[in-house]
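Q: This structure is in C-alpha coordinates; I'll ask about it shortly.
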Amino acid sequence: MKPITPLTEVIQRFGLDQLDPLPDHAFDLKRHTFIWDRNGLPQYGTRTQSAMYRLANQWRYTEASLSFLTDATLGGLRDKEAAFDEMQAAYDRSRQEAQDWRDRYCAADMLAGTYGGSLVVALNTLIVVYRGDLDVPDEKPEDKVANEKIGELIGGHSLGGVLWAAANNTRHWPEWSVEEAIPWRLQRERYERDKLIARGYAIEEKKKPNPEAPPKKERPRQSEYSLPVLKAALGPPFDAVDHIGFGCGAHVIKRLAGPDGDFNTISRRLFDYAKALEDHYGEPKPEDPMEDVRRRVARLKGGGGG
(Lines give C-alpha, C1' and ligand atoms only; values in the text may rest on other atoms or scores of the structure.)
Protein backbone atom coordinates (compact mmCIF):
# COMPACT_ATOMS: atom_id res chain seq x y z
CA MET A 1 0.00 0.00 0.00
CA LYS A 2 1.26 3.45 -0.89
CA PRO A 3 2.30 5.51 2.17
CA ILE A 4 -0.33 8.02 3.27
CA THR A 5 0.73 11.62 2.73
CA PRO A 6 1.22 13.42 6.08
CA LEU A 7 -1.37 16.08 6.82
CA THR A 8 1.31 18.73 7.21
CA GLU A 9 2.49 18.02 3.66
CA VAL A 10 -1.06 18.31 2.31
CA ILE A 11 -1.42 21.67 4.08
CA GLN A 12 1.83 22.94 2.60
CA ARG A 13 1.25 21.55 -0.90
CA PHE A 14 -2.18 23.11 -1.35
CA GLY A 15 -1.71 26.24 0.73
CA LEU A 16 -4.27 25.44 3.43
CA ASP A 17 -3.22 28.32 5.66
CA GLN A 18 -6.30 28.02 7.85
CA LEU A 19 -4.92 24.70 9.15
CA ASP A 20 -1.51 26.13 10.04
CA PRO A 21 -1.12 25.66 12.94
CA LEU A 22 -3.36 22.62 13.25
CA PRO A 23 -6.47 23.53 15.26
CA ASP A 24 -7.36 21.70 18.45
CA HIS A 25 -10.64 20.01 19.30
CA ALA A 26 -12.96 22.98 19.88
CA PHE A 27 -14.12 23.52 23.45
CA ASP A 28 -17.17 25.44 24.64
CA LEU A 29 -16.01 27.43 27.66
CA LYS A 30 -19.54 28.34 28.71
CA ARG A 31 -20.84 24.79 28.73
CA HIS A 32 -17.50 23.21 29.63
CA THR A 33 -17.82 20.62 26.90
CA PHE A 34 -16.16 19.74 23.63
CA ILE A 35 -17.86 20.82 20.40
CA TRP A 36 -18.97 18.23 17.86
CA ASP A 37 -19.91 18.77 14.23
CA ARG A 38 -23.16 17.84 12.51
CA ASN A 39 -21.92 14.28 11.98
CA GLY A 40 -21.11 13.75 15.65
CA LEU A 41 -17.38 14.04 14.96
CA PRO A 42 -14.94 16.31 16.80
CA GLN A 43 -14.92 19.88 15.50
CA TYR A 44 -11.38 21.15 15.09
CA GLY A 45 -11.18 24.91 15.48
CA THR A 46 -14.02 26.82 13.85
CA ARG A 47 -16.66 25.18 11.70
CA THR A 48 -14.75 26.37 8.63
CA GLN A 49 -11.41 25.02 9.82
CA SER A 50 -13.01 21.72 10.75
CA ALA A 51 -14.56 21.37 7.28
CA MET A 52 -11.19 21.85 5.59
CA TYR A 53 -9.50 19.58 8.15
CA ARG A 54 -11.92 16.80 7.28
CA LEU A 55 -11.57 17.34 3.51
CA ALA A 56 -7.77 17.27 3.72
CA ASN A 57 -7.86 14.02 5.67
CA GLN A 58 -10.41 12.39 3.38
CA TRP A 59 -8.31 13.37 0.38
CA ARG A 60 -5.07 11.93 1.75
CA TYR A 61 -6.79 8.71 2.83
CA THR A 62 -8.15 8.22 -0.70
CA GLU A 63 -5.24 9.74 -2.62
CA ALA A 64 -3.84 6.39 -3.73
CA SER A 65 -7.24 5.19 -4.97
CA LEU A 66 -8.07 8.47 -6.70
CA SER A 67 -4.66 8.55 -8.36
CA PHE A 68 -5.08 4.98 -9.58
CA LEU A 69 -8.54 5.74 -10.98
CA THR A 70 -7.16 8.78 -12.79
CA ASP A 71 -4.33 6.82 -14.42
CA ALA A 72 -6.68 3.96 -15.34
CA THR A 73 -9.26 6.34 -16.81
CA LEU A 74 -6.78 8.25 -18.96
CA GLY A 75 -5.09 5.01 -20.00
CA GLY A 76 -8.45 3.61 -21.08
CA LEU A 77 -9.11 6.70 -23.20
CA ARG A 78 -5.72 6.36 -24.88
CA ASP A 79 -6.37 2.68 -25.61
CA LYS A 80 -9.79 3.58 -26.98
CA GLU A 81 -8.37 6.15 -29.39
CA ALA A 82 -5.63 3.76 -30.54
CA ALA A 83 -8.13 0.93 -31.08
CA PHE A 84 -10.37 3.23 -33.12
CA ASP A 85 -7.52 4.15 -35.46
CA GLU A 86 -6.56 0.49 -35.88
CA MET A 87 -10.19 -0.47 -36.49
CA GLN A 88 -10.54 2.12 -39.25
CA ALA A 89 -7.36 0.91 -40.93
CA ALA A 90 -8.30 -2.78 -40.58
CA TYR A 91 -11.51 -2.42 -42.62
CA ASP A 92 -9.41 -2.37 -45.79
CA ARG A 93 -7.61 -5.58 -44.85
CA SER A 94 -9.95 -7.94 -43.06
CA ARG A 95 -13.47 -7.78 -41.72
CA GLN A 96 -12.54 -10.13 -38.87
CA GLU A 97 -9.53 -8.02 -37.93
CA ALA A 98 -11.71 -4.93 -37.92
CA GLN A 99 -14.19 -6.71 -35.63
CA ASP A 100 -11.37 -7.67 -33.27
CA TRP A 101 -10.27 -4.05 -33.03
CA ARG A 102 -13.87 -3.00 -32.53
CA ASP A 103 -14.09 -5.37 -29.57
CA ARG A 104 -10.95 -3.80 -28.12
CA TYR A 105 -12.38 -0.35 -28.73
CA CYS A 106 -15.59 -1.23 -26.86
CA ALA A 107 -13.63 -2.82 -24.00
CA ALA A 108 -11.44 0.27 -23.62
CA ASP A 109 -14.54 2.47 -23.71
CA MET A 110 -16.16 0.46 -20.92
CA LEU A 111 -12.96 0.51 -18.89
CA ALA A 112 -12.53 4.28 -19.16
CA GLY A 113 -16.22 4.86 -18.47
CA THR A 114 -16.24 2.60 -15.42
CA TYR A 115 -13.15 4.10 -13.82
CA GLY A 116 -13.99 7.66 -14.86
CA GLY A 117 -17.55 7.36 -13.60
CA SER A 118 -16.34 6.00 -10.27
CA LEU A 119 -13.86 8.86 -9.97
CA VAL A 120 -16.32 11.69 -10.62
CA VAL A 121 -18.72 10.17 -8.08
CA ALA A 122 -15.91 9.93 -5.50
CA LEU A 123 -14.76 13.51 -6.10
CA ASN A 124 -18.32 14.79 -6.02
CA THR A 125 -18.84 13.01 -2.70
CA LEU A 126 -15.82 14.80 -1.22
CA ILE A 127 -17.30 18.12 -2.31
CA VAL A 128 -20.81 17.32 -1.10
CA VAL A 129 -19.48 16.40 2.36
CA TYR A 130 -17.32 19.53 2.45
CA ARG A 131 -20.21 21.77 1.44
CA GLY A 132 -22.30 20.25 4.21
CA ASP A 133 -19.56 20.68 6.80
CA LEU A 134 -19.10 24.27 5.65
CA ASP A 135 -22.85 24.76 6.13
CA VAL A 136 -23.44 25.99 2.59
CA PRO A 137 -27.14 26.92 2.28
CA ASP A 138 -29.11 23.81 1.37
CA GLU A 139 -30.77 24.84 -1.87
CA LYS A 140 -31.88 22.72 -4.79
CA PRO A 141 -28.72 21.62 -6.63
CA GLU A 142 -30.25 22.40 -10.00
CA ASP A 143 -30.82 25.99 -8.87
CA LYS A 144 -27.56 26.49 -7.01
CA VAL A 145 -24.72 24.16 -7.96
CA ALA A 146 -25.52 23.95 -11.67
CA ASN A 147 -25.25 27.73 -12.04
CA GLU A 148 -22.57 28.33 -9.42
CA LYS A 149 -19.86 30.85 -10.33
CA ILE A 150 -17.33 30.22 -7.56
CA GLY A 151 -13.63 29.59 -8.08
CA GLU A 152 -12.06 28.66 -11.40
CA LEU A 153 -14.79 28.24 -14.00
CA ILE A 154 -14.85 25.34 -16.45
CA GLY A 155 -17.02 26.20 -19.40
CA GLY A 156 -18.67 28.86 -17.27
CA HIS A 157 -19.39 26.51 -14.35
CA SER A 158 -17.66 25.81 -11.05
CA LEU A 159 -15.82 22.58 -10.36
CA GLY A 160 -18.63 21.63 -7.99
CA GLY A 161 -21.21 22.11 -10.72
CA VAL A 162 -19.25 20.07 -13.27
CA LEU A 163 -18.65 17.16 -10.89
CA TRP A 164 -22.28 17.28 -9.71
CA ALA A 165 -23.49 17.01 -13.31
CA ALA A 166 -20.95 14.30 -14.19
CA ALA A 167 -21.89 12.23 -11.14
CA ASN A 168 -25.56 12.56 -12.12
CA ASN A 169 -24.73 11.36 -15.62
CA THR A 170 -22.86 8.36 -14.23
CA ARG A 171 -25.81 7.36 -12.07
CA HIS A 172 -28.62 8.10 -14.53
CA TRP A 173 -27.29 7.82 -18.09
CA PRO A 174 -29.49 4.78 -18.95
CA GLU A 175 -32.61 6.73 -17.95
CA TRP A 176 -31.42 9.87 -19.70
CA SER A 177 -30.78 8.04 -22.97
CA VAL A 178 -34.36 6.76 -22.88
CA GLU A 179 -35.70 10.23 -22.07
CA GLU A 180 -33.79 11.76 -24.96
CA ALA A 181 -35.03 9.02 -27.31
CA ILE A 182 -38.73 9.52 -26.49
CA PRO A 183 -39.29 12.63 -28.70
CA TRP A 184 -37.48 10.97 -31.62
CA ARG A 185 -39.44 7.74 -31.16
CA LEU A 186 -42.79 9.52 -31.01
CA GLN A 187 -41.90 11.53 -34.10
CA ARG A 188 -40.95 8.35 -35.94
CA GLU A 189 -44.17 6.59 -34.90
CA ARG A 190 -46.20 9.57 -36.10
CA TYR A 191 -44.36 9.57 -39.42
CA GLU A 192 -45.07 5.86 -39.99
CA ARG A 193 -48.74 6.29 -39.05
CA ASP A 194 -49.14 9.26 -41.39
CA LYS A 195 -47.84 7.11 -44.26
CA LEU A 196 -50.43 4.41 -43.48
CA ILE A 197 -53.21 7.01 -43.31
CA ALA A 198 -52.12 8.53 -46.64
CA ARG A 199 -52.32 5.10 -48.29
CA GLY A 200 -55.72 4.38 -46.80
CA TYR A 201 -54.50 1.58 -44.54
CA ALA A 202 -55.39 3.42 -41.33
CA ILE A 203 -57.88 6.00 -40.12
CA GLU A 204 -56.78 8.97 -38.10
CA GLU A 205 -58.44 9.01 -34.71
CA LYS A 206 -59.12 12.42 -33.28
CA LYS A 207 -59.56 12.45 -29.54
CA LYS A 208 -61.93 15.01 -28.12
CA PRO A 209 -60.43 17.03 -25.28
CA ASN A 210 -61.96 16.45 -21.87
CA PRO A 211 -62.75 19.87 -20.36
CA GLU A 212 -62.90 18.37 -16.87
CA ALA A 213 -59.48 16.77 -17.06
CA PRO A 214 -56.82 18.59 -15.01
CA PRO A 215 -53.99 20.13 -17.05
CA LYS A 216 -50.97 17.91 -17.42
CA LYS A 217 -47.83 19.09 -15.72
CA GLU A 218 -44.72 18.52 -17.72
CA ARG A 219 -42.05 16.98 -15.51
CA PRO A 220 -38.59 18.32 -16.26
CA ARG A 221 -36.38 15.58 -17.61
CA GLN A 222 -33.69 14.46 -15.20
CA SER A 223 -31.01 15.51 -17.63
CA GLU A 224 -32.37 19.02 -18.15
CA TYR A 225 -30.10 20.65 -15.56
CA SER A 226 -27.00 18.48 -15.85
CA LEU A 227 -26.54 18.19 -19.61
CA PRO A 228 -26.04 21.92 -20.28
CA VAL A 229 -23.31 21.96 -17.62
CA LEU A 230 -21.54 18.96 -19.17
CA LYS A 231 -21.83 20.28 -22.71
CA ALA A 232 -20.37 23.63 -21.68
CA ALA A 233 -17.56 22.02 -19.68
CA LEU A 234 -16.55 19.48 -22.33
CA GLY A 235 -17.06 21.63 -25.41
CA PRO A 236 -16.98 20.18 -28.95
CA PRO A 237 -18.08 17.63 -30.01
CA PHE A 238 -20.15 16.99 -26.88
CA ASP A 239 -21.95 20.33 -27.05
CA ALA A 240 -23.79 19.19 -30.19
CA VAL A 241 -25.20 15.86 -28.97
CA ASP A 242 -28.60 15.09 -27.45
CA HIS A 243 -27.20 13.08 -24.57
CA ILE A 244 -23.81 12.07 -23.22
CA GLY A 245 -23.47 8.38 -22.60
CA PHE A 246 -21.60 6.03 -20.34
CA GLY A 247 -18.13 7.47 -20.95
CA CYS A 248 -18.93 11.00 -19.80
CA GLY A 249 -17.02 10.70 -16.53
CA ALA A 250 -13.83 9.74 -18.35
CA HIS A 251 -13.98 12.82 -20.57
CA VAL A 252 -14.65 15.06 -17.57
CA ILE A 253 -11.57 13.63 -15.84
CA LYS A 254 -9.51 14.21 -18.98
CA ARG A 255 -10.70 17.83 -19.02
CA LEU A 256 -9.89 18.34 -15.34
CA ALA A 257 -6.48 16.65 -15.57
CA GLY A 258 -5.29 19.16 -18.15
CA PRO A 259 -2.90 18.59 -21.05
CA ASP A 260 -0.40 16.73 -18.87
CA GLY A 261 -3.00 14.24 -17.61
CA ASP A 262 -1.86 14.78 -14.04
CA PHE A 263 -3.78 13.74 -10.91
CA ASN A 264 -2.08 16.58 -9.04
CA THR A 265 -3.87 19.02 -11.35
CA ILE A 266 -7.22 17.52 -10.34
CA SER A 267 -6.24 17.72 -6.66
CA ARG A 268 -5.18 21.35 -7.02
CA ARG A 269 -8.50 22.20 -8.65
CA LEU A 270 -10.32 20.44 -5.81
CA PHE A 271 -8.61 22.39 -3.03
CA ASP A 272 -8.72 25.68 -4.94
CA TYR A 273 -12.47 25.23 -5.24
CA ALA A 274 -12.72 24.33 -1.55
CA LYS A 275 -10.84 27.51 -0.61
CA ALA A 276 -13.09 29.56 -2.90
CA LEU A 277 -16.15 28.11 -1.17
CA GLU A 278 -14.55 28.93 2.16
CA ASP A 279 -14.02 32.54 1.11
CA HIS A 280 -17.66 32.72 0.09
CA TYR A 281 -19.37 30.88 2.95
CA GLY A 282 -16.79 30.30 5.68
CA GLU A 283 -15.96 32.01 8.94
CA PRO A 284 -12.77 34.04 9.40
CA LYS A 285 -9.84 32.26 10.96
CA PRO A 286 -9.81 33.00 14.71
CA GLU A 287 -6.98 35.09 16.01
CA ASP A 288 -4.28 33.30 17.93
CA PRO A 289 -5.05 33.98 21.63
CA MET A 290 -1.35 34.67 22.20
CA GLU A 291 -1.29 37.32 19.47
CA ASP A 292 -2.68 39.99 21.83
CA VAL A 293 0.01 39.12 24.39
CA ARG A 294 2.72 39.40 21.75
CA ARG A 295 1.42 42.81 20.67
CA ARG A 296 1.45 44.06 24.27
CA VAL A 297 4.99 42.80 24.81
CA ALA A 298 6.12 44.46 21.58
CA ARG A 299 4.59 47.77 22.66
CA LEU A 300 6.27 47.56 26.07
CA LYS A 301 9.64 46.82 24.50
CA GLY A 302 9.19 49.72 22.15
CA GLY A 303 8.34 52.07 24.97
CA GLY A 304 4.77 52.46 23.85
CA GLY A 305 3.26 51.73 27.24
CA GLY A 306 0.34 49.51 28.13
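Here's how to read the names in the C-alpha coordinates: chain A, B, ... by the order shown, residue numbers from 1 in each chain, ligand numbers from 1 in the order shown.
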Which polymer residues have any atom within 10 Å of an atom of Asn57 (chain A), counting only C-alpha atoms, with same-chain residues fewer than 2 positions away left out, as a VMD selection string?

A: chain A and resid 4 to 7 10 52 to 55 59 to 63

Q: Can you spit out the residues from that selection as an mmCIF file, in the first residue's frame, using N, CA, C and O atoms?

A:
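Heads up, here's the output in selection.cif:
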```cif
data_model
loop_
_atom_site.group_PDB
_atom_site.id
_atom_site.type_symbol
_atom_site.label_atom_id
_atom_site.label_comp_id
_atom_site.auth_asym_id
_atom_site.auth_seq_id
_atom_site.Cartn_x
_atom_site.Cartn_y
_atom_site.Cartn_z
ATOM 1 N N ILE A 4 0.638 6.924 3.208
ATOM 2 C CA ILE A 4 -0.331 8.020 3.271
ATOM 3 C C ILE A 4 0.412 9.338 3.463
ATOM 4 O O ILE A 4 1.288 9.454 4.326
ATOM 5 N N THR A 5 0.077 10.315 2.660
ATOM 6 C CA THR A 5 0.728 11.618 2.734
ATOM 7 C C THR A 5 0.437 12.271 4.080
ATOM 8 O O THR A 5 -0.725 12.352 4.494
ATOM 9 N N PRO A 6 1.461 12.744 4.799
ATOM 10 C CA PRO A 6 1.220 13.422 6.084
ATOM 11 C C PRO A 6 0.344 14.657 5.902
ATOM 12 O O PRO A 6 0.413 15.341 4.873
ATOM 13 N N LEU A 7 -0.463 14.937 6.896
ATOM 14 C CA LEU A 7 -1.375 16.078 6.818
ATOM 15 C C LEU A 7 -0.608 17.383 6.655
ATOM 16 O O LEU A 7 -1.037 18.277 5.916
ATOM 17 N N VAL A 10 0.132 17.913 3.066
ATOM 18 C CA VAL A 10 -1.065 18.312 2.315
ATOM 19 C C VAL A 10 -1.327 19.806 2.520
ATOM 20 O O VAL A 10 -1.631 20.538 1.570
ATOM 21 N N MET A 52 -12.391 22.038 6.395
ATOM 22 C CA MET A 52 -11.190 21.845 5.585
ATOM 23 C C MET A 52 -10.313 20.737 6.164
ATOM 24 O O MET A 52 -9.687 19.970 5.414
ATOM 25 N N TYR A 53 -10.269 20.640 7.483
ATOM 26 C CA TYR A 53 -9.499 19.582 8.146
ATOM 27 C C TYR A 53 -10.012 18.212 7.712
ATOM 28 O O TYR A 53 -9.238 17.307 7.385
ATOM 29 N N ARG A 54 -11.326 18.073 7.675
ATOM 30 C CA ARG A 54 -11.916 16.796 7.282
ATOM 31 C C ARG A 54 -11.671 16.513 5.799
ATOM 32 O O ARG A 54 -11.355 15.380 5.415
ATOM 33 N N LEU A 55 -11.804 17.533 4.945
ATOM 34 C CA LEU A 55 -11.569 17.343 3.513
ATOM 35 C C LEU A 55 -10.123 16.922 3.257
ATOM 36 O O LEU A 55 -9.863 16.004 2.465
ATOM 37 N N TRP A 59 -9.072 13.401 1.625
ATOM 38 C CA TRP A 59 -8.306 13.366 0.377
ATOM 39 C C TRP A 59 -7.060 12.498 0.535
ATOM 40 O O TRP A 59 -6.770 11.653 -0.317
ATOM 41 N N ARG A 60 -6.322 12.685 1.623
ATOM 42 C CA ARG A 60 -5.070 11.932 1.748
ATOM 43 C C ARG A 60 -5.329 10.446 2.005
ATOM 44 O O ARG A 60 -4.523 9.601 1.612
ATOM 45 N N TYR A 61 -6.462 10.116 2.627
ATOM 46 C CA TYR A 61 -6.789 8.705 2.829
ATOM 47 C C TYR A 61 -7.172 8.025 1.512
ATOM 48 O O TYR A 61 -7.001 6.812 1.363
ATOM 49 N N THR A 62 -7.716 8.792 0.586
ATOM 50 C CA THR A 62 -8.154 8.222 -0.696
ATOM 51 C C THR A 62 -7.226 8.588 -1.849
ATOM 52 O O THR A 62 -7.509 8.241 -2.997
ATOM 53 N N GLU A 63 -6.132 9.266 -1.558
ATOM 54 C CA GLU A 63 -5.237 9.743 -2.616
ATOM 55 C C GLU A 63 -4.771 8.605 -3.520
ATOM 56 O O GLU A 63 -4.795 8.725 -4.757
#
```

Q: Between A:Leu153, A:Ile253, A:Leu134, A:Ala112, which has the minimum distance to Ala167 (chain A) (counting only C-alpha atoms)?

A: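 Smallest distance to Ala167 (chain A) is found for A:Ile253.
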
Q: Which residues, written as a ChimeraX atom specification, have at least one atom at most 10 Å from region 70-84 of chain A, with only C-alpha atoms counted and residues fewer than 5 positions away on the same chain left out?

A: /A:64-65,89-90,98,100-120,247,249-251,253-254,257,261-263,266

Q: I need the chosen residues saved as a CSV table (one decimal), in the first residue's frame, with N, CA and C atoms.

A:
```
chain,number,residue,atom,x,y,z
A,64,ALA,N,-4.3,7.5,-2.9
A,64,ALA,CA,-3.8,6.4,-3.7
A,64,ALA,C,-4.9,5.8,-4.7
A,65,SER,N,-6.1,5.7,-4.1
A,65,SER,CA,-7.2,5.2,-5.0
A,65,SER,C,-7.6,6.2,-6.1
A,89,ALA,N,-8.3,1.4,-40.0
A,89,ALA,CA,-7.4,0.9,-40.9
A,89,ALA,C,-7.6,-0.6,-41.3
A,90,ALA,N,-8.1,-1.3,-40.4
A,90,ALA,CA,-8.3,-2.8,-40.6
A,90,ALA,C,-9.4,-3.1,-41.5
A,98,ALA,N,-11.0,-6.1,-38.3
A,98,ALA,CA,-11.7,-4.9,-37.9
A,98,ALA,C,-12.6,-5.2,-36.7
A,100,ASP,N,-12.2,-7.5,-34.5
A,100,ASP,CA,-11.4,-7.7,-33.3
A,100,ASP,C,-11.0,-6.3,-32.7
A,101,TRP,N,-10.6,-5.4,-33.5
A,101,TRP,CA,-10.3,-4.1,-33.0
A,101,TRP,C,-11.5,-3.3,-32.5
A,102,ARG,N,-12.6,-3.6,-33.1
A,102,ARG,CA,-13.9,-3.0,-32.5
A,102,ARG,C,-14.2,-3.5,-31.1
A,103,ASP,N,-13.9,-4.8,-30.9
A,103,ASP,CA,-14.1,-5.4,-29.6
A,103,ASP,C,-13.1,-4.7,-28.6
A,104,ARG,N,-11.9,-4.5,-29.0
A,104,ARG,CA,-10.9,-3.8,-28.1
A,104,ARG,C,-11.4,-2.4,-27.9
A,105,TYR,N,-11.9,-1.7,-28.9
A,105,TYR,CA,-12.4,-0.3,-28.7
A,105,TYR,C,-13.5,-0.3,-27.7
A,106,CYS,N,-14.5,-1.2,-27.8
A,106,CYS,CA,-15.6,-1.2,-26.9
A,106,CYS,C,-15.1,-1.5,-25.4
A,107,ALA,N,-14.2,-2.5,-25.3
A,107,ALA,CA,-13.6,-2.8,-24.0
A,107,ALA,C,-12.9,-1.6,-23.4
A,108,ALA,N,-12.1,-0.9,-24.1
A,108,ALA,CA,-11.4,0.3,-23.6
A,108,ALA,C,-12.4,1.4,-23.2
A,109,ASP,N,-13.5,1.5,-24.0
A,109,ASP,CA,-14.5,2.5,-23.7
A,109,ASP,C,-15.2,2.1,-22.4
A,110,MET,N,-15.5,0.9,-22.2
A,110,MET,CA,-16.2,0.5,-20.9
A,110,MET,C,-15.2,0.6,-19.7
A,111,LEU,N,-13.9,0.3,-20.0
A,111,LEU,CA,-13.0,0.5,-18.9
A,111,LEU,C,-12.9,2.0,-18.5
A,112,ALA,N,-12.7,2.9,-19.5
A,112,ALA,CA,-12.5,4.3,-19.2
A,112,ALA,C,-13.8,4.8,-18.5
A,113,GLY,N,-15.0,4.4,-19.0
A,113,GLY,CA,-16.2,4.9,-18.5
A,113,GLY,C,-16.4,4.4,-17.1
A,114,THR,N,-16.1,3.1,-16.8
A,114,THR,CA,-16.2,2.6,-15.4
A,114,THR,C,-15.4,3.3,-14.4
A,115,TYR,N,-14.1,3.4,-14.7
A,115,TYR,CA,-13.2,4.1,-13.8
A,115,TYR,C,-13.5,5.6,-13.7
A,116,GLY,N,-13.7,6.2,-14.9
A,116,GLY,CA,-14.0,7.7,-14.9
A,116,GLY,C,-15.3,8.0,-14.1
A,117,GLY,N,-16.3,7.1,-14.3
A,117,GLY,CA,-17.6,7.4,-13.6
A,117,GLY,C,-17.4,7.2,-12.1
A,118,SER,N,-16.6,6.2,-11.7
A,118,SER,CA,-16.3,6.0,-10.3
A,118,SER,C,-15.6,7.2,-9.7
A,119,LEU,N,-14.7,7.7,-10.5
A,119,LEU,CA,-13.9,8.9,-10.0
A,119,LEU,C,-14.7,10.1,-9.8
A,120,VAL,N,-15.5,10.5,-10.8
A,120,VAL,CA,-16.3,11.7,-10.6
A,120,VAL,C,-17.3,11.6,-9.5
A,247,GLY,N,-19.5,7.0,-21.1
A,247,GLY,CA,-18.1,7.5,-21.0
A,247,GLY,C,-18.0,8.9,-20.5
A,249,GLY,N,-17.9,10.5,-17.6
A,249,GLY,CA,-17.0,10.7,-16.5
A,249,GLY,C,-15.6,10.7,-16.9
A,250,ALA,N,-15.2,9.8,-17.9
A,250,ALA,CA,-13.8,9.7,-18.3
A,250,ALA,C,-13.4,11.0,-19.0
A,251,HIS,N,-14.3,11.6,-19.8
A,251,HIS,CA,-14.0,12.8,-20.6
A,251,HIS,C,-13.9,14.0,-19.6
A,253,ILE,N,-12.9,13.8,-16.5
A,253,ILE,CA,-11.6,13.6,-15.8
A,253,ILE,C,-10.4,14.1,-16.8
A,254,LYS,N,-10.5,13.8,-18.0
A,254,LYS,CA,-9.5,14.2,-19.0
A,254,LYS,C,-9.5,15.7,-19.0
A,257,ALA,N,-7.9,17.0,-15.7
A,257,ALA,CA,-6.5,16.6,-15.6
A,257,ALA,C,-5.6,17.5,-16.4
A,261,GLY,N,-2.3,15.4,-18.2
A,261,GLY,CA,-3.0,14.2,-17.6
A,261,GLY,C,-2.5,13.9,-16.2
A,262,ASP,N,-2.5,14.9,-15.3
A,262,ASP,CA,-1.9,14.8,-14.0
A,262,ASP,C,-2.9,14.8,-12.9
A,263,PHE,N,-2.9,13.8,-12.0
A,263,PHE,CA,-3.8,13.7,-10.9
A,263,PHE,C,-3.6,14.9,-10.0
A,266,ILE,N,-5.9,17.7,-10.9
A,266,ILE,CA,-7.2,17.5,-10.3
A,266,ILE,C,-7.3,17.9,-8.9
```

Q: Would you mind listing what lies within 9 Å of Ser50 (chain A) as a PyMOL selection string, with only C-alpha atoms counted and same-chain residues fewer than 4 positions away left out?

A: chain A and resi 19+23+37+42-46+54-55+133-134

Q: Please provide as a PyMOL selection string all residues within 7 Å of Tyr273 (chain A), with the sequence filter that same-chain residues fewer than 4 positions apart are discarded (counting only C-alpha atoms).

A: chain A and resi 151+159+269+277

Q: So how far away is CA of His157 (chain A) from CA of Leu227 (chain A), in Å?

A: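 Atom-to-atom, CA of Leu227 (chain A) and CA of His157 (chain A) are spaced 12.2 Å apart.
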
Q: Residues near Ala232 (chain A), anyone? I mean within 10 Å using only C-alpha atoms, not counting same-chain ones fewer than 3 positions away, as a list in words.

A: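 Contacts, with the query itself left out: Ile154, Gly155, Gly156, His157, Val162, Leu227, Pro228, Val229, Gly235, Pro236, Phe238 and Asp239 of chain A.
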
Q: Output the selection as a short mmCIF file (atom, residue, chain, number, x, y, z; two decimals), in the first residue's frame - N, CA and C atoms for each residue.

A:
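Output file part_14.cif follows:
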```cif
data_model
loop_
_atom_site.label_atom_id
_atom_site.label_comp_id
_atom_site.auth_asym_id
_atom_site.auth_seq_id
_atom_site.Cartn_x
_atom_site.Cartn_y
_atom_site.Cartn_z
N ILE A 154 -15.11 26.30 -15.38
CA ILE A 154 -14.85 25.34 -16.45
C ILE A 154 -16.04 25.37 -17.38
N GLY A 155 -15.88 26.02 -18.51
CA GLY A 155 -17.02 26.20 -19.40
C GLY A 155 -18.10 27.05 -18.78
N GLY A 156 -17.70 27.98 -17.91
CA GLY A 156 -18.67 28.86 -17.27
C GLY A 156 -19.29 28.31 -16.01
N HIS A 157 -18.82 27.14 -15.54
CA HIS A 157 -19.39 26.51 -14.35
C HIS A 157 -18.28 26.17 -13.36
N VAL A 162 -19.65 21.04 -12.25
CA VAL A 162 -19.25 20.07 -13.27
C VAL A 162 -19.25 18.65 -12.69
N LEU A 227 -27.13 18.23 -18.28
CA LEU A 227 -26.54 18.19 -19.61
C LEU A 227 -25.97 19.52 -20.08
N PRO A 228 -26.65 20.65 -19.85
CA PRO A 228 -26.04 21.92 -20.28
C PRO A 228 -24.70 22.18 -19.60
N VAL A 229 -24.57 21.77 -18.33
CA VAL A 229 -23.31 21.96 -17.62
C VAL A 229 -22.22 21.11 -18.27
N GLY A 235 -17.23 20.98 -24.12
CA GLY A 235 -17.06 21.63 -25.41
C GLY A 235 -17.26 20.66 -26.57
N PRO A 236 -16.81 21.05 -27.78
CA PRO A 236 -16.98 20.18 -28.95
C PRO A 236 -16.26 18.84 -28.76
N PHE A 238 -19.07 17.37 -27.80
CA PHE A 238 -20.15 16.99 -26.88
C PHE A 238 -21.26 18.04 -26.82
N ASP A 239 -20.94 19.28 -27.15
CA ASP A 239 -21.95 20.33 -27.05
C ASP A 239 -23.02 20.22 -28.13
#
```

Q: Rounded to one decimal place, report the CA of Ile35 (chain A)-CA of Asp17 (chain A) distance in Å.

A: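 Here the two named atoms are 22.1 Å from each other.
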
Q: What does the distance between CA of Trp164 (chain A) and CA of Thr125 (chain A) come to in Å, to one decimal place?

A: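 So the answer is 8.9 Å.
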
Q: Which residue is closest to Ala122 (chain A)? Choose from A:Glu148, A:Glu86, A:Glu97, A:Leu66 and count only C-alpha atoms.

A: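 Among the listed residues, A:Leu66 lies closest to Ala122 (chain A).
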
Q: For each of A:Asp135, A:Cys248, A:Gln49, A:Lys231, take the minimum atom-to-atom distance to Val121 (chain A), counting only C-alpha atoms, then give the residue where this is smallest.

A: A:Cys248
